[in-house]
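Please read the structure below before turning to the comments.
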Amino acid sequence: MTALLETRGVWQRFGGLVANSDVSISVGRGEIVGLIGPNGAGKSTLFNLIAGVLPPTQGSIWFDGEDVTAMPAAERCQRGVGRTFQVVKSFETMTVIDNVIVGALVRNTVMRVARRKAHEVLEFTGLAARADVLASDLVPAEKRRLEVARALATEPKLLLLDEVLTGLTPTEAQTGVALVRKVRDAGITVLMVEHVMEIVMPLVDRAIVLDLGKVLVEGKPADVVRDPKVIKAYLGDRHAVGA
Amino acid sequence: MDKNYAARRRRDLVIAAVLAALAALAPLFVKNVYIQNILVLTLMYAALSQSWNILSGYCGQISLGHALYFGIGAYTTELLFTKFGVLPWFGMLAGGMIAAVIAMGLGYPFFRLRGHYFVIATIVIAEIGLLLFQNWEWAGAAMGITIPVRGDSWLKFQFMRSKLPYFYFALALCCLAWFVTWWLEDSKWGFWWRAVKDNPEAAESLGVVVFNSKMGAAAVSAFLVAVGGAFYAQFLAYIDPESVMGFQFSLLMALPAVLGGIGTLWGPVLGAAILIPMTELTRSYIGGSGRGVDLIVYGALIVAISLALPQGLVSLFSRSKAKGATR
């Protein structure tokens, strides 16, 4: 079976800056894949290319057997790509349930059905008690969860998570990890960008490490963390010797 | 939760029906033509502001050029009537449709602009429209068009003897604009518009085609405003560019919604109910002889309301309710 998501030789240049150079990755159905790397490695750029925020300078992106390189974000969502934002982008003047309904409307244009779907998603993500609260009144961890809930309401095949676990307290992060597992168990493929290795490594099936815009290493998390190239990229030359 | 929501929507509908019924009875008690005139204008501006609110309040695309659509509604109706003998009812629909098409045509380039730049573009376009009509000989140029008197009739939508038919039409238009808003509020479109206003990028990621959402809002908004313009032309029985397309109309559509509560169902009605009588009364009691005292008082009241209730007058009603519901 073909991969659910594939990037083929993707380049992204911003003027003279090369954010992604010749990145080819693939994500199989049902996987949880972690996209990691030090600051400035090009994770967010690649993430945005996959979500359709901007087209790559060169190369192509394939989703579910289809070339989506030129497809705008809204259309990719309709095909089954859901995403969250690193800096949360809640609809602040709307209630939590209304935020989620916006997502649910992609697949259900009948309001009653969309509303029921949104309630299900809130139950699933543990936000049900906050349904009628304005999004602007949520605490940061809840806002992160609302990002996930909204994306799940679009019934994605692939969920792109952009640093949803970063900056949370250990307890909140554990709840988040449990939620991501639950999402995968519901049959949704997950690609997550994370900065903090120790949170993601136990969670993901496979890790892809980016450095300086290129794929540095990819493989099982246990192998990746021991790889000298990864240690060097994160900690510098001095620490790589021990490995 | 869902029950509460459905109940609230039903309650809004009941309140609207009661208010409309009370308004319909008003002429039984108000015999004074001057006051009747104020009531007609209040209802008309409530309808206009409600329509403006769809694009600018719900969808967040602040327009200060809606006078253009108002004028297009007025001119289409009267040009069709005076030049081709087309009944104003058809002219009204034609005007609405032309305005909707123009709104989308303008939206095509302008919805790429954001924030202040969009507002400026709307002002400029409306001014261009005004200048074009002032110089368009066939349409009467700056002299305007006098609507020929054909006797009182609903068919010709013309009444010289009484203001009451206009009153009832304005009431119907106000109800229509309110009802369209009420209906759209709980639809795919209503949700998309609010999402686009709050965060276009997030909306796009959830499958909302932001550009099309704005186009839809612009079309509905312009259509209803143009119908209002057609009504106003019949009501005045004389139009010229300045009296149906002047910048003040753009402001008078925006102000009630802003004062009452922008992007809310009741804001425009509430705002118009206070603002329009206030405008007329300050003008007649303390205005006149070019001293402009009325405008000073009027402006001061607007500033006072804006400072005291930045969320609009509707927040007086929703504040306690929201507190009870959330915390």
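Residue numbering restarts at 1 for every chain of the structure tokens, chains are lettered A, B, ... in their displayed order, and ligands are numbered from 1 as they appear.
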At a cut-off of 12 Å, can you tabulate as a tab-separated table every residue of region 118-153 of chain A near region 190-195 of chain A together with its closest atom pair and the distance in Å to one decimal, using only C-alpha atoms and ordering rows by chain then number?
```
residue	atom	partner	partner_atom	distance
A:Val148	CA	A:Val190	CA	11.4
A:Ala151	CA	A:Val190	CA	11.8
A:Leu152	CA	A:Val190	CA	11.2
```
8 Å contact set for Val210 (chain B), only C-alpha atoms, chain neighbours under 3 positions out, as a list in words: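 Once the adjacent positions are removed, what remains is Trp192, Val196, Pro200, Ala203, Glu204, Ser213 and Lys214 of chain B.
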Save out the residues we just selected, C-alpha atoms, as a PDB file, in the first residue's frame.
```
ATOM      1  CA  TRP B 192     -17.811  30.395   8.455  1.00  0.00           C
ATOM      2  CA  VAL B 196     -13.147  34.204   9.014  1.00  0.00           C
ATOM      3  CA  PRO B 200      -8.815  33.539   8.606  1.00  0.00           C
ATOM      4  CA  ALA B 203     -10.589  28.971   9.206  1.00  0.00           C
ATOM      5  CA  GLU B 204      -8.756  27.998   6.028  1.00  0.00           C
ATOM      6  CA  SER B 213     -17.228  33.195   2.450  1.00  0.00           C
ATOM      7  CA  LYS B 214     -16.493  36.890   2.102  1.00  0.00           C
TER       8      LYS B 214
END
```
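CA of Ile36 (chain A) to CA of Val23 (chain A) spans 13.6 Å [interatomic distance, one decimal].
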Residue set, region 31-243 of chain A restricted to strand (DSSP E or B), as a PyMOL selection string: chain A and resi 32-36+58-63+66-67+81-83+95+134+158-162+189-194+206-211+214-219
Would you export the selected residues with N, CA and C atoms as a CSV table (one decimal), in the first residue's frame, please?
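What landed in again.csv:
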```csv
chain,number,residue,atom,x,y,z
A,32,ILE,N,2.3,6.9,14.0
A,32,ILE,CA,2.6,8.2,14.7
A,32,ILE,C,4.0,8.5,14.3
A,33,VAL,N,4.2,9.6,13.6
A,33,VAL,CA,5.6,9.9,13.2
A,33,VAL,C,6.0,11.3,13.8
A,34,GLY,N,7.1,11.3,14.4
A,34,GLY,CA,7.6,12.6,15.0
A,34,GLY,C,8.6,13.3,14.1
A,35,LEU,N,8.4,14.5,13.9
A,35,LEU,CA,9.3,15.3,13.1
A,35,LEU,C,10.0,16.2,14.1
A,36,ILE,N,11.3,15.9,14.3
A,36,ILE,CA,12.0,16.7,15.3
A,36,ILE,C,13.3,17.3,14.7
A,58,GLN,N,10.1,24.0,-4.9
A,58,GLN,CA,10.4,22.9,-5.9
A,58,GLN,C,10.0,21.6,-5.2
A,59,GLY,N,9.7,20.5,-6.0
A,59,GLY,CA,9.3,19.3,-5.4
A,59,GLY,C,7.8,19.1,-5.4
A,60,SER,N,7.4,17.9,-4.9
A,60,SER,CA,5.9,17.7,-4.9
A,60,SER,C,5.5,17.0,-3.6
A,61,ILE,N,4.2,17.2,-3.2
A,61,ILE,CA,3.7,16.6,-2.0
A,61,ILE,C,2.5,15.8,-2.4
A,62,TRP,N,2.5,14.5,-1.9
A,62,TRP,CA,1.4,13.6,-2.3
A,62,TRP,C,0.7,13.2,-1.1
A,63,PHE,N,-0.6,13.2,-1.2
A,63,PHE,CA,-1.5,12.8,-0.1
A,63,PHE,C,-2.5,11.8,-0.6
A,66,GLU,N,-2.5,11.2,-4.3
A,66,GLU,CA,-2.9,12.3,-5.1
A,66,GLU,C,-1.8,13.4,-5.0
A,67,ASP,N,-1.5,14.0,-6.1
A,67,ASP,CA,-0.5,15.2,-6.0
A,67,ASP,C,-1.3,16.4,-5.5
A,81,VAL,N,-6.7,16.3,5.5
A,81,VAL,CA,-5.5,16.8,6.3
A,81,VAL,C,-6.0,17.8,7.4
A,82,GLY,N,-5.8,17.4,8.6
A,82,GLY,CA,-6.2,18.3,9.7
A,82,GLY,C,-4.9,18.8,10.4
A,83,ARG,N,-5.0,20.0,10.9
A,83,ARG,CA,-3.7,20.5,11.5
A,83,ARG,C,-4.0,21.4,12.7
A,95,THR,N,-17.7,30.4,21.2
A,95,THR,CA,-17.6,29.4,22.3
A,95,THR,C,-16.8,28.2,21.8
A,134,LEU,N,-16.4,30.8,26.3
A,134,LEU,CA,-15.8,31.5,25.2
A,134,LEU,C,-14.3,31.0,25.1
A,158,LEU,N,-5.2,12.3,8.2
A,158,LEU,CA,-3.9,12.6,8.7
A,158,LEU,C,-4.0,13.9,9.6
A,159,LEU,N,-3.5,13.7,10.8
A,159,LEU,CA,-3.6,14.9,11.8
A,159,LEU,C,-2.1,15.4,11.9
A,160,LEU,N,-2.0,16.7,11.6
A,160,LEU,CA,-0.7,17.3,11.8
A,160,LEU,C,-0.7,18.1,13.1
A,161,LEU,N,0.2,17.8,14.0
A,161,LEU,CA,0.2,18.4,15.3
A,161,LEU,C,1.5,19.3,15.4
A,162,ASP,N,1.4,20.6,15.6
A,162,ASP,CA,2.5,21.5,15.6
A,162,ASP,C,2.8,21.9,17.1
A,189,THR,N,-3.9,8.8,11.3
A,189,THR,CA,-2.4,8.9,11.2
A,189,THR,C,-2.0,10.2,11.8
A,190,VAL,N,-0.9,10.2,12.5
A,190,VAL,CA,-0.4,11.4,13.2
A,190,VAL,C,1.0,11.8,12.8
A,191,LEU,N,1.2,13.0,12.3
A,191,LEU,CA,2.6,13.5,12.1
A,191,LEU,C,2.7,14.7,13.1
A,192,MET,N,3.7,14.6,14.0
A,192,MET,CA,3.8,15.6,15.0
A,192,MET,C,5.2,16.3,15.0
A,193,VAL,N,5.2,17.6,15.0
A,193,VAL,CA,6.4,18.3,15.1
A,193,VAL,C,6.6,18.6,16.6
A,194,GLU,N,7.8,18.2,17.1
A,194,GLU,CA,8.0,18.5,18.5
A,194,GLU,C,9.5,19.0,18.7
A,206,ARG,N,8.0,6.2,14.8
A,206,ARG,CA,9.2,6.5,13.9
A,206,ARG,C,9.5,8.0,14.1
A,207,ALA,N,10.8,8.3,14.0
A,207,ALA,CA,11.1,9.7,14.2
A,207,ALA,C,11.9,10.2,12.9
A,208,ILE,N,11.7,11.4,12.5
A,208,ILE,CA,12.4,12.0,11.4
A,208,ILE,C,13.1,13.2,12.0
A,209,VAL,N,14.4,13.2,11.9
A,209,VAL,CA,15.2,14.4,12.4
A,209,VAL,C,15.6,15.3,11.3
A,210,LEU,N,15.2,16.5,11.4
A,210,LEU,CA,15.7,17.5,10.4
A,210,LEU,C,16.8,18.3,11.0
A,211,ASP,N,17.7,18.7,10.2
A,211,ASP,CA,18.7,19.6,10.6
A,211,ASP,C,19.2,20.5,9.4
A,214,LYS,N,17.6,19.7,6.1
A,214,LYS,CA,17.7,18.4,5.4
A,214,LYS,C,17.3,17.3,6.4
A,215,VAL,N,16.9,16.2,5.8
A,215,VAL,CA,16.6,15.0,6.7
A,215,VAL,C,18.0,14.5,7.1
A,216,LEU,N,18.2,14.5,8.5
A,216,LEU,CA,19.4,14.1,9.0
A,216,LEU,C,19.4,12.6,9.2
A,217,VAL,N,18.4,12.1,9.9
A,217,VAL,CA,18.3,10.7,10.3
A,217,VAL,C,16.8,10.3,10.3
A,218,GLU,N,16.5,9.1,10.0
A,218,GLU,CA,15.1,8.7,10.4
A,218,GLU,C,15.1,7.3,10.8
A,219,GLY,N,14.2,6.9,11.7
A,219,GLY,CA,14.2,5.5,12.1
A,219,GLY,C,13.4,5.4,13.4
```
Straight-line distance linking CA of Leu55 (chain B) with CA of Ala218 (chain B), stated in Å to one decimal: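 Straight-line distance from CA of Leu55 (chain B) to CA of Ala218 (chain B) works out to 5.5 Å.
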Residues of chain B within 7 Å of chain A, only C-alpha atoms counted, as a PyMOL selection string: chain B and resi 187-188+191-192+195+198-199+202+204-209+326
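Candidate residues B:Gly71, B:Gly60, B:Gly115, B:Pro241 were compared for distance to Phe133 (chain B), and the nearest is B:Pro241, using only C-alpha atoms.
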Please list as a PDB file with N, CA and C atoms, in the first residue's frame every residue within 10 Å of Phe169 (chain B), counting only C-alpha atoms and excluding residues in the same chain fewer than 6 positions away.
```
ATOM      1  N   VAL B  40     -40.311  55.700  10.361  1.00  0.00           N
ATOM      2  CA  VAL B  40     -39.961  55.094   9.074  1.00  0.00           C
ATOM      3  C   VAL B  40     -38.443  55.047   8.917  1.00  0.00           C
ATOM      4  N   LEU B  43     -36.784  52.462  11.244  1.00  0.00           N
ATOM      5  CA  LEU B  43     -36.928  51.093  10.744  1.00  0.00           C
ATOM      6  C   LEU B  43     -36.013  50.854   9.547  1.00  0.00           C
ATOM      7  N   MET B  44     -35.945  51.866   8.670  1.00  0.00           N
ATOM      8  CA  MET B  44     -35.115  51.697   7.486  1.00  0.00           C
ATOM      9  C   MET B  44     -33.635  51.541   7.875  1.00  0.00           C
ATOM     10  N   PHE B 157     -46.095  51.488  -5.841  1.00  0.00           N
ATOM     11  CA  PHE B 157     -45.403  51.751  -4.581  1.00  0.00           C
ATOM     12  C   PHE B 157     -45.161  53.256  -4.384  1.00  0.00           C
ATOM     13  N   CYS B 175     -37.876  43.455   9.344  1.00  0.00           N
ATOM     14  CA  CYS B 175     -38.108  42.070   9.761  1.00  0.00           C
ATOM     15  C   CYS B 175     -37.348  41.104   8.849  1.00  0.00           C
ATOM     16  N   GLY B 228     -33.184  48.453   0.348  1.00  0.00           N
ATOM     17  CA  GLY B 228     -33.418  49.622   1.200  1.00  0.00           C
ATOM     18  C   GLY B 228     -33.301  50.917   0.404  1.00  0.00           C
ATOM     19  N   PHE B 231     -36.367  51.469  -1.685  1.00  0.00           N
ATOM     20  CA  PHE B 231     -37.438  51.958  -0.823  1.00  0.00           C
ATOM     21  C   PHE B 231     -37.283  53.457  -0.551  1.00  0.00           C
TER      22      PHE B 231
END
```
Computed interatomic separation between CA of Ser221 (chain B) and CA of Ser51 (chain B) (Å):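 About the pair CA of Ser221 (chain B) and CA of Ser51 (chain B): they are 4.9 Å apart.
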